[in-house]
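Single-structure report; data block below.
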Protein chains: 4
Amino acid sequence: MAANTFGERFRVTTWGESHGGGIGVVVDGCPARLELREADVQPDLDRRRPGQSRLTTQRDEPDRVEILSGVFEGLTLGSPIAMLVRNTDARPGAYDHLRDVYRPSHADYTYEAKYGIRNWQGGGRASARETVGRVAAGAIARKLLATAAGVEVVAWVSSVHDIDTELDPAAVTRLQVESGPARCPDPQAAARMEAAIEEARRAGDSLGGVVTCVARGVPVGLGEPVFDKLDADLARAMVSLPAAKGFEVGSGFGGTRLTGRQHNDPFAAGPDGRPVTVSNRSGGIQGGISNGADVLVRVAFKPTGTIASPQETVDRDGRPVTLEAKGRHDPCVLPRAVPMVEAMTLLVLADHWLRHASDDVLSDREGAEDARG
Amino acid sequence: MAANTFGERFRVTTWGESHGGGIGVVVDGCPARLELREADVQPDLDRRRPGQSRLTTQRDEPDRVEILSGVFEGLTLGSPIAMLVRNTDARPGAYDHLRDVYRPSHADYTYEAKYGIRNWQGGGRASARETVGRVAAGAIARKLLATAAGVEVVAWVSSVHDIDTELDPAAVTRLQVESGPARCPDPQAAARMEAAIEEARRAGDSLGGVVTCVARGVPVGLGEPVFDKLDADLARAMVSLPAAKGFEVGSGFGGTRLTGRQHNDPFAAGPDGRPVTVSNRSGGIQGGISNGADVLVRVAFKPTGTIASPQETVDRDGRPVTLEAKGRHDPCVLPRAVPMVEAMTLLVLADHWLRHASDDVLSDREGAEDARG
Amino acid sequence: MAANTFGERFRVTTWGESHGGGIGVVVDGCPARLELREADVQPDLDRRRPGQSRLTTQRDEPDRVEILSGVFEGLTLGSPIAMLVRNTDARPGAYDHLRDVYRPSHADYTYEAKYGIRNWQGGGRASARETVGRVAAGAIARKLLATAAGVEVVAWVSSVHDIDTELDPAAVTRLQVESGPARCPDPQAAARMEAAIEEARRAGDSLGGVVTCVARGVPVGLGEPVFDKLDADLARAMVSLPAAKGFEVGSGFGGTRLTGRQHNDPFAAGPDGRPVTVSNRSGGIQGGISNGADVLVRVAFKPTGTIASPQETVDRDGRPVTLEAKGRHDPCVLPRAVPMVEAMTLLVLADHWLRHASDDVLSDREGAEDARG
Amino acid sequence: MAANTFGERFRVTTWGESHGGGIGVVVDGCPARLELREADVQPDLDRRRPGQSRLTTQRDEPDRVEILSGVFEGLTLGSPIAMLVRNTDARPGAYDHLRDVYRPSHADYTYEAKYGIRNWQGGGRASARETVGRVAAGAIARKLLATAAGVEVVAWVSSVHDIDTELDPAAVTRLQVESGPARCPDPQAAARMEAAIEEARRAGDSLGGVVTCVARGVPVGLGEPVFDKLDADLARAMVSLPAAKGFEVGSGFGGTRLTGRQHNDPFAAGPDGRPVTVSNRSGGIQGGISNGADVLVRVAFKPTGTIASPQETVDRDGRPVTLEAKGRHDPCVLPRAVPMVEAMTLLVLADHWLRHASDDVLSDREGAEDARG
């Protein structure tokens, strides 16, 4: 309990179940005087929403966001920004057969064991619908970081099942990502992914994959050792997403197959004389602190638990049940996971960017004195 | 700044640099009346300490722990437990050549950029020596969880460079792990790992690998969606360790190559009628909450950044420098990472176990009423 | 920034300005399976709302609460409970003359200095309207504590300006408090307070006073030294209320006029053999932990800053301005402060009651073993 | 449990009991490159320590502080600063008669009820000795705020029992405060206080009183509504001190006897054109945010619970006991409370000063752009 708040200075509290009055978020700590309108938030919600393409669940919700507080005459006030999205397409009756049954690899059993109750009309709080609030908050973080720090965050689907891509993360653009429903910037791989996802749907099966995310323009110095390292906070952020099973920064698990000589990133002098790494196996983070290179992470998402094939499970009384899912679900969560991964990256960066402001309280003074000197 | 505290109810604050007066930790929130002596903490520190075998750095520190507070007549008081380990084998002169140079893939540059200063006599706060406090705190968590909840946590080296193991996590014992300096319970693989590490040392190179960790006997219901999910907190804990580059829970990245039908864990009725999963690709966690199966995680550690081979870098003024490391370092951090991974797992579990206590505040009453019936 | 969340286990995040889309709160950490409906929350909002009597501001808002999440079939789910109250009676035009002027003893200047912007259409976030979210959350805490722990919290107006009361806190009932618009259970004093408030309104002036609050049935053991002592958290909670200038627990400032012999609370054996204090100058809290006696606090509220008399101030450019307030305001905030003080008391107690659940994790087991013999 | 950490950005974790290995603190979040030596910390500890004058307890401890980490070549590193003070003058035998008895108005009973155990050799964690860590941390905050922000914090004893002072807070100097053992800058009152305290000691009784504290040079904009208001955090800080029973900011309880016309602080243009308040009933804080005037608080301390007179109480088994205190205690805690109140004020201000750094992240950029034209 009491674990629906994320971040320390850019503090996000989400709420809402898949079926109920709505879903939303409170963003506390957004600096004052940022230009902000609902039109800044809606596009990311549109990329997250169900029913946006034939690859995603057919649940069709417009997910219109309403900003309820914290903005005055188009500018943030420094007070909490509350945002609300109403639930509109809930069909609770569709879930009646799940009232007493635990779906395999879902949260039905663990929620019921922990809370003694669950909203069985869909996934409740464990539904991917929960991420509406994260994505809305992430859109504010995106605006803040783009405006004030020149940071750009782009994620994409880098693999689905056994379909991999070989892409240079530095070169991927948002335009490429959004050019097709698979959100894979490699057109050939994208076509194969789309086909595979369609095939999985037809087969009553589901697929997993990997989202890669790059953050460009991240200032040097974000991240706070030893526990709030930038990569540690990114890891928590990503693994808190529904269906996430793995996280990598920079070279990740593959880096364990290299030797130190192969793996180390040599330093050279950058254009402005500051040190830059010649390679980026560090993923833009060294000792838990951003080094100015692209921050690079990968997130593994398991194949969706809900499948339209018979599965063995038990009911509340321990009796064996063969379950055949109905409801409306994604055969592959990956394309919709892209804005979620971006949102979590943005939330972590915004939080650390604000925390970073207090790093320089003494050096500023010194600088000022030097200047006077 | 202000990021050296971990956990909410079992709250650990670590401090200390590799060179300085000492290193330590304050454990706040350990329940009262746990039997605790220094002898409960020392063994894990001995497993972490340098100089314990030919595979580890030759820095030789006894790392004797002193409990300074929070214990009275052999029992914890419920007040903070402060523990201190003095630094004894620091040879600061050995680092003089690093005063103005940034070692590749170390935290030298990022610390200096962030803080405007660094303790160049070794890694300072970024040294693996920082984990002394974590391991000492983890030992208390181990005692607590073993005593009160019957939880057992065992980690081991499951790969070094390209040497892999195939082990059943359910079967690995602490005794097997500790049977050799590689901390790999597969004797054949262990022998190859030891040889590879020795070879790397001779070649002035270093190796990475993977630590696997299993927690047995974890009660159902630990973990707090949506941000403090058990796996999300484990991810943060692990990636906050020095040199960690990746995290997996259950099926991890490999699970993305399975379909939903292959991946889902069917439920069956367990011996006591409670649902149990027949397989464990979930890694003991569903929807961020423990389900009673073994909690299973894997952590990737990069090859140590410090190598005894020439490397290209720059100094503080941006001038190219060819660096040849001296100092005393591990050619492979994996064997010593085992107690660190266990410690972080234990800290997360202890924290969530204490948080779990408030889950049942209403059901207990109901139970009581039922009983009165 | 990022300071609109209160509590650790019963965690409340409020949002909203006096003029804007609405005002609300997210309650995270309410245990699952508490019966909860909007009808449990509305009565406290009705006691807080403006326009409820001739003593309060004539702004007339129904303040109907909507529960948006966290409740399913009449029971809490353990997930966050979001509540929304729409703003309806805002007349922003009424504040045009305040756009560039700083009202004395208001937050106009400090908000503008801190945030570089303020919602000058009323008090914005500094308005007492901000407490809607607190009171709504407090109503849930009230239900929880009454149901599960038998705690009752009652506050009242114990003084207005120079009109004092002499009441036995142990004997005051909610019925007495609610018997008149002054919320003072002493009928004679109440009549004088009503007259004084009316007189202040006519004179274009305002009055302050003191609210006393008692919590009965508080279990022994709530409060966590050394910083989260129960009285320390109550102090913060109370002084965070608009217009609060002072806080006392038990004997308070008056207790400094007694000697130790006069002040100490002797212990005697209570009906069940547990120690009870014969007097209660400790205010139910010793060493920061509840001792089972009534928790007793007092809160000083200054006279409302907004008065209908000319006042000297400056505008944004530092030019002297004589300000004559219009708008609609309370000449005395005290009667409406009663539900606010109760709410903050309830939030602190609910949080510490949940935190208290982990105190007994070891003793429970012991008990269990004892029972097994 | 888990409540021994104070602050968010200047985060202080204290530990230690009155009898045991020692007592100390970890300061996490002190900015890097502050000049810091033990000599910066020792003077405040000397003002806090027992045995410093005939007015204080005769327990005689030198309380020498050792800085164990976080400082390198005389400068802070940005990493946690651990400080240790050994306990030297503990005479545990002196407390044998208290093993099973609950001293009136002490924490003996509540600690034992909460934790099921207590260190009966003195007050344990509830002893005023606990404040060693607070005062040591406060000394660092003092150095930081003086160096970087020009803030000065001075506290003094403004009343003891019925001996009051009438002093202009703006005029009191540290030199005046330290001119005598009573720490009262009014020499006549100080002499009467000393006599009264001596008399109380002879009579086996004890006295309480009030400490007043002023912070000068506080920048405008510190404090974060709605829950982390500057005055709310000061209230919590002060009431968390041992023996504290009340808190006031600015006009406090006395202000409730004024009308709004009398109470409001008119604004005028200050020397630099910024608004300043002509009077300071606000106590330097409006809407929870500092306004640039002196921050002014008062703290009530009850008469010490330990008295050398017979008192009625019960033992662990509920049997009536007449207790006659031995041990060594202050008949009046006020003189030693002065550095404690200063320390807590400094901790709150340092924390909010660091948090304030992120207020300007957007305005700074704007300024920069303006400058560029």
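FYI, nothing fancy with the structure tokens labels: chains A, B, ... in order, residues from 1 per chain, ligands from 1 as they appear.
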
**Request:** May I have the residues of chain B within 8 Å of chain D, counting only C-alpha atoms, written as a PyMOL selection string?
**Result:** chain B and resi 1-4+8-11+13-17+20-23+26+28-33+67-70+72+77-82+115-119+125

Where in segment 207-291 of chain D does DSSP assign alpha helix (DSSP H), given as a PDB file with all heavy atoms, in the first residue's frame?
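Wrote states33.pdb, looks like this:
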```
ATOM      1  N   LEU D 230       7.306  26.093   5.572  1.00  0.00           N
ATOM      2  CA  LEU D 230       8.475  26.305   6.415  1.00  0.00           C
ATOM      3  C   LEU D 230       8.104  26.251   7.892  1.00  0.00           C
ATOM      4  O   LEU D 230       8.809  25.640   8.703  1.00  0.00           O
ATOM      5  CB  LEU D 230       9.124  27.654   6.075  1.00  0.00           C
ATOM      6  CG  LEU D 230      10.470  27.927   6.723  1.00  0.00           C
ATOM      7  CD1 LEU D 230      11.486  26.849   6.357  1.00  0.00           C
ATOM      8  CD2 LEU D 230      10.994  29.301   6.317  1.00  0.00           C
ATOM      9  N   ASP D 231       6.993  26.868   8.257  1.00  0.00           N
ATOM     10  CA  ASP D 231       6.609  26.849   9.675  1.00  0.00           C
ATOM     11  C   ASP D 231       6.138  25.471  10.117  1.00  0.00           C
ATOM     12  O   ASP D 231       6.362  25.074  11.266  1.00  0.00           O
ATOM     13  CB  ASP D 231       5.577  27.935  10.010  1.00  0.00           C
ATOM     14  CG  ASP D 231       4.539  28.154   8.930  1.00  0.00           C
ATOM     15  OD1 ASP D 231       4.571  27.449   7.898  1.00  0.00           O
ATOM     16  OD2 ASP D 231       3.685  29.045   9.100  1.00  0.00           O
ATOM     17  N   ALA D 232       5.511  24.727   9.208  1.00  0.00           N
ATOM     18  CA  ALA D 232       5.077  23.373   9.565  1.00  0.00           C
ATOM     19  C   ALA D 232       6.290  22.483   9.831  1.00  0.00           C
ATOM     20  O   ALA D 232       6.303  21.707  10.800  1.00  0.00           O
ATOM     21  CB  ALA D 232       4.218  22.787   8.448  1.00  0.00           C
ATOM     22  N   ASP D 233       7.298  22.599   8.997  1.00  0.00           N
ATOM     23  CA  ASP D 233       8.498  21.785   9.220  1.00  0.00           C
ATOM     24  C   ASP D 233       9.238  22.219  10.478  1.00  0.00           C
ATOM     25  O   ASP D 233       9.817  21.384  11.191  1.00  0.00           O
ATOM     26  CB  ASP D 233       9.417  21.861   7.992  1.00  0.00           C
ATOM     27  CG  ASP D 233       8.980  20.870   6.908  1.00  0.00           C
ATOM     28  OD1 ASP D 233       7.963  20.184   7.096  1.00  0.00           O
ATOM     29  OD2 ASP D 233       9.659  20.789   5.876  1.00  0.00           O
ATOM     30  N   LEU D 234       9.226  23.519  10.758  1.00  0.00           N
ATOM     31  CA  LEU D 234       9.827  23.984  12.015  1.00  0.00           C
ATOM     32  C   LEU D 234       9.054  23.431  13.209  1.00  0.00           C
ATOM     33  O   LEU D 234       9.646  23.037  14.224  1.00  0.00           O
ATOM     34  CB  LEU D 234       9.853  25.517  12.052  1.00  0.00           C
ATOM     35  CG  LEU D 234      10.909  26.162  11.154  1.00  0.00           C
ATOM     36  CD1 LEU D 234      10.630  27.656  10.981  1.00  0.00           C
ATOM     37  CD2 LEU D 234      12.322  25.962  11.739  1.00  0.00           C
ATOM     38  N   ALA D 235       7.729  23.396  13.090  1.00  0.00           N
ATOM     39  CA  ALA D 235       6.911  22.877  14.189  1.00  0.00           C
ATOM     40  C   ALA D 235       7.264  21.424  14.473  1.00  0.00           C
ATOM     41  O   ALA D 235       7.498  21.028  15.619  1.00  0.00           O
ATOM     42  CB  ALA D 235       5.427  23.006  13.847  1.00  0.00           C
ATOM     43  N   ARG D 236       7.323  20.625  13.419  1.00  0.00           N
ATOM     44  CA  ARG D 236       7.665  19.221  13.606  1.00  0.00           C
ATOM     45  C   ARG D 236       9.061  19.100  14.215  1.00  0.00           C
ATOM     46  O   ARG D 236       9.294  18.320  15.138  1.00  0.00           O
ATOM     47  CB  ARG D 236       7.630  18.498  12.259  1.00  0.00           C
ATOM     48  CG  ARG D 236       8.055  17.057  12.352  1.00  0.00           C
ATOM     49  CD  ARG D 236       8.204  16.425  10.974  1.00  0.00           C
ATOM     50  NE  ARG D 236       8.846  15.137  11.065  1.00  0.00           N
ATOM     51  CZ  ARG D 236       9.694  14.648  10.166  1.00  0.00           C
ATOM     52  NH1 ARG D 236       9.967  15.345   9.079  1.00  0.00           N
ATOM     53  NH2 ARG D 236      10.245  13.476  10.336  1.00  0.00           N
ATOM     54  N   ALA D 237       9.989  19.874  13.691  1.00  0.00           N
ATOM     55  CA  ALA D 237      11.368  19.802  14.167  1.00  0.00           C
ATOM     56  C   ALA D 237      11.440  20.093  15.656  1.00  0.00           C
ATOM     57  O   ALA D 237      12.099  19.379  16.424  1.00  0.00           O
ATOM     58  CB  ALA D 237      12.232  20.786  13.388  1.00  0.00           C
ATOM     59  N   MET D 238      10.758  21.132  16.075  1.00  0.00           N
ATOM     60  CA  MET D 238      10.854  21.548  17.477  1.00  0.00           C
ATOM     61  C   MET D 238      10.142  20.566  18.397  1.00  0.00           C
ATOM     62  O   MET D 238      10.660  20.195  19.457  1.00  0.00           O
ATOM     63  CB  MET D 238      10.241  22.937  17.654  1.00  0.00           C
ATOM     64  CG  MET D 238      10.947  24.030  16.887  1.00  0.00           C
ATOM     65  SD  MET D 238      12.734  24.032  17.137  1.00  0.00           S
ATOM     66  CE  MET D 238      13.230  25.143  15.815  1.00  0.00           C
ATOM     67  N   VAL D 239       8.942  20.155  18.008  1.00  0.00           N
ATOM     68  CA  VAL D 239       8.172  19.277  18.889  1.00  0.00           C
ATOM     69  C   VAL D 239       8.804  17.883  18.934  1.00  0.00           C
ATOM     70  O   VAL D 239       8.518  17.094  19.836  1.00  0.00           O
ATOM     71  CB  VAL D 239       6.684  19.267  18.474  1.00  0.00           C
ATOM     72  CG1 VAL D 239       5.869  18.332  19.350  1.00  0.00           C
ATOM     73  CG2 VAL D 239       6.106  20.686  18.567  1.00  0.00           C
ATOM     74  N   GLY D 260      -7.830  41.339  13.231  1.00  0.00           N
ATOM     75  CA  GLY D 260      -7.112  41.355  11.955  1.00  0.00           C
ATOM     76  C   GLY D 260      -6.451  42.704  11.690  1.00  0.00           C
ATOM     77  O   GLY D 260      -5.331  42.766  11.187  1.00  0.00           O
ATOM     78  N   ARG D 261      -7.152  43.766  12.027  1.00  0.00           N
ATOM     79  CA  ARG D 261      -6.578  45.103  11.804  1.00  0.00           C
ATOM     80  C   ARG D 261      -5.308  45.291  12.615  1.00  0.00           C
ATOM     81  O   ARG D 261      -4.359  45.923  12.169  1.00  0.00           O
ATOM     82  CB  ARG D 261      -7.599  46.188  12.171  1.00  0.00           C
ATOM     83  CG  ARG D 261      -8.437  46.641  10.990  1.00  0.00           C
ATOM     84  CD  ARG D 261      -8.946  48.056  11.154  1.00  0.00           C
ATOM     85  NE  ARG D 261      -9.880  48.190  12.261  1.00  0.00           N
ATOM     86  CZ  ARG D 261     -11.215  48.211  12.140  1.00  0.00           C
ATOM     87  NH1 ARG D 261     -11.756  48.115  10.939  1.00  0.00           N
ATOM     88  NH2 ARG D 261     -11.989  48.336  13.184  1.00  0.00           N
ATOM     89  N   GLN D 262      -5.328  44.770  13.840  1.00  0.00           N
ATOM     90  CA  GLN D 262      -4.140  44.884  14.691  1.00  0.00           C
ATOM     91  C   GLN D 262      -3.027  43.926  14.256  1.00  0.00           C
ATOM     92  O   GLN D 262      -1.847  44.192  14.458  1.00  0.00           O
ATOM     93  CB  GLN D 262      -4.513  44.570  16.148  1.00  0.00           C
ATOM     94  CG  GLN D 262      -5.541  45.523  16.739  1.00  0.00           C
ATOM     95  CD  GLN D 262      -6.207  44.949  17.981  1.00  0.00           C
ATOM     96  OE1 GLN D 262      -6.291  43.729  18.152  1.00  0.00           O
ATOM     97  NE2 GLN D 262      -6.710  45.841  18.841  1.00  0.00           N
ATOM     98  N   HIS D 263      -3.432  42.814  13.702  1.00  0.00           N
ATOM     99  CA  HIS D 263      -2.488  41.709  13.478  1.00  0.00           C
ATOM    100  C   HIS D 263      -1.782  41.787  12.138  1.00  0.00           C
ATOM    101  O   HIS D 263      -0.602  41.416  12.014  1.00  0.00           O
ATOM    102  CB  HIS D 263      -3.237  40.379  13.603  1.00  0.00           C
ATOM    103  CG  HIS D 263      -2.343  39.176  13.624  1.00  0.00           C
ATOM    104  ND1 HIS D 263      -1.863  38.583  12.467  1.00  0.00           N
ATOM    105  CD2 HIS D 263      -1.813  38.457  14.645  1.00  0.00           C
ATOM    106  CE1 HIS D 263      -1.100  37.549  12.797  1.00  0.00           C
ATOM    107  NE2 HIS D 263      -1.047  37.446  14.105  1.00  0.00           N
TER     108      HIS D 263
END
```

**Message:** Would you compute the distance between atom CA of Val214 of chain C and atom CA of Ala146 of chain C? Give it in Å to one decimal.
**Reply:** 14.2 Å

**Item:** DSSP strand (DSSP E or B) residues within segment 2-108 of chain C, as a PyMOL selection string
**Value:** chain C and resi 5-6+11-16+22-28+35+65-67+71-72+75-76+81-86+101

**Message:** Env of Ala215 of chain D: 9 Å cut, atoms = only C-alpha atoms, seq-sep filter 3 positions within chain, self excluded. Answer as a count of residues only.
**Reply:** 16

**Message:** Using only C-alpha atoms, which protein or nucleic acid residues come within 9 Å of segment 156-169 of chain D? Drop anything in the same chain fewer than 6 positions from it, and give the result as a PyMOL selection string.
**Reply:** (chain C and resi 255-259) or (chain D and resi 177-178+182-186+189-190+192-193+196-197+207-214+294+296+298+303+332+334-335+337-339+341)

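Checking D:Gly246, D:Gly318, D:Pro225, D:Gly74 one by one against Tyr109 of chain D, counting only C-alpha atoms, you find the shortest gap at D:Gly318.
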
**Request:** Find the spatial neighbours of segment 98-102 of chain C, counting only C-alpha atoms, within a cut-off of 7 Å - ignore same-chain residues fewer than 6 positions away - and output them as JSON, numbers by chain.
**Result:** {"C": [108, 109, 120, 313, 314, 315, 316]}

**Two-atom distance - atom CA of Pro62 of chain D, atom CA of Arg49 of chain D (Å)** = 7.4 Å

**Item:** Residue contacts of Lys245 of chain B (7 Å, only C-alpha atoms) excluding same-chain residues fewer than 5 positions away, as a ChimeraX atom specification
**Value:** /A:248-253 /B:239,300-302
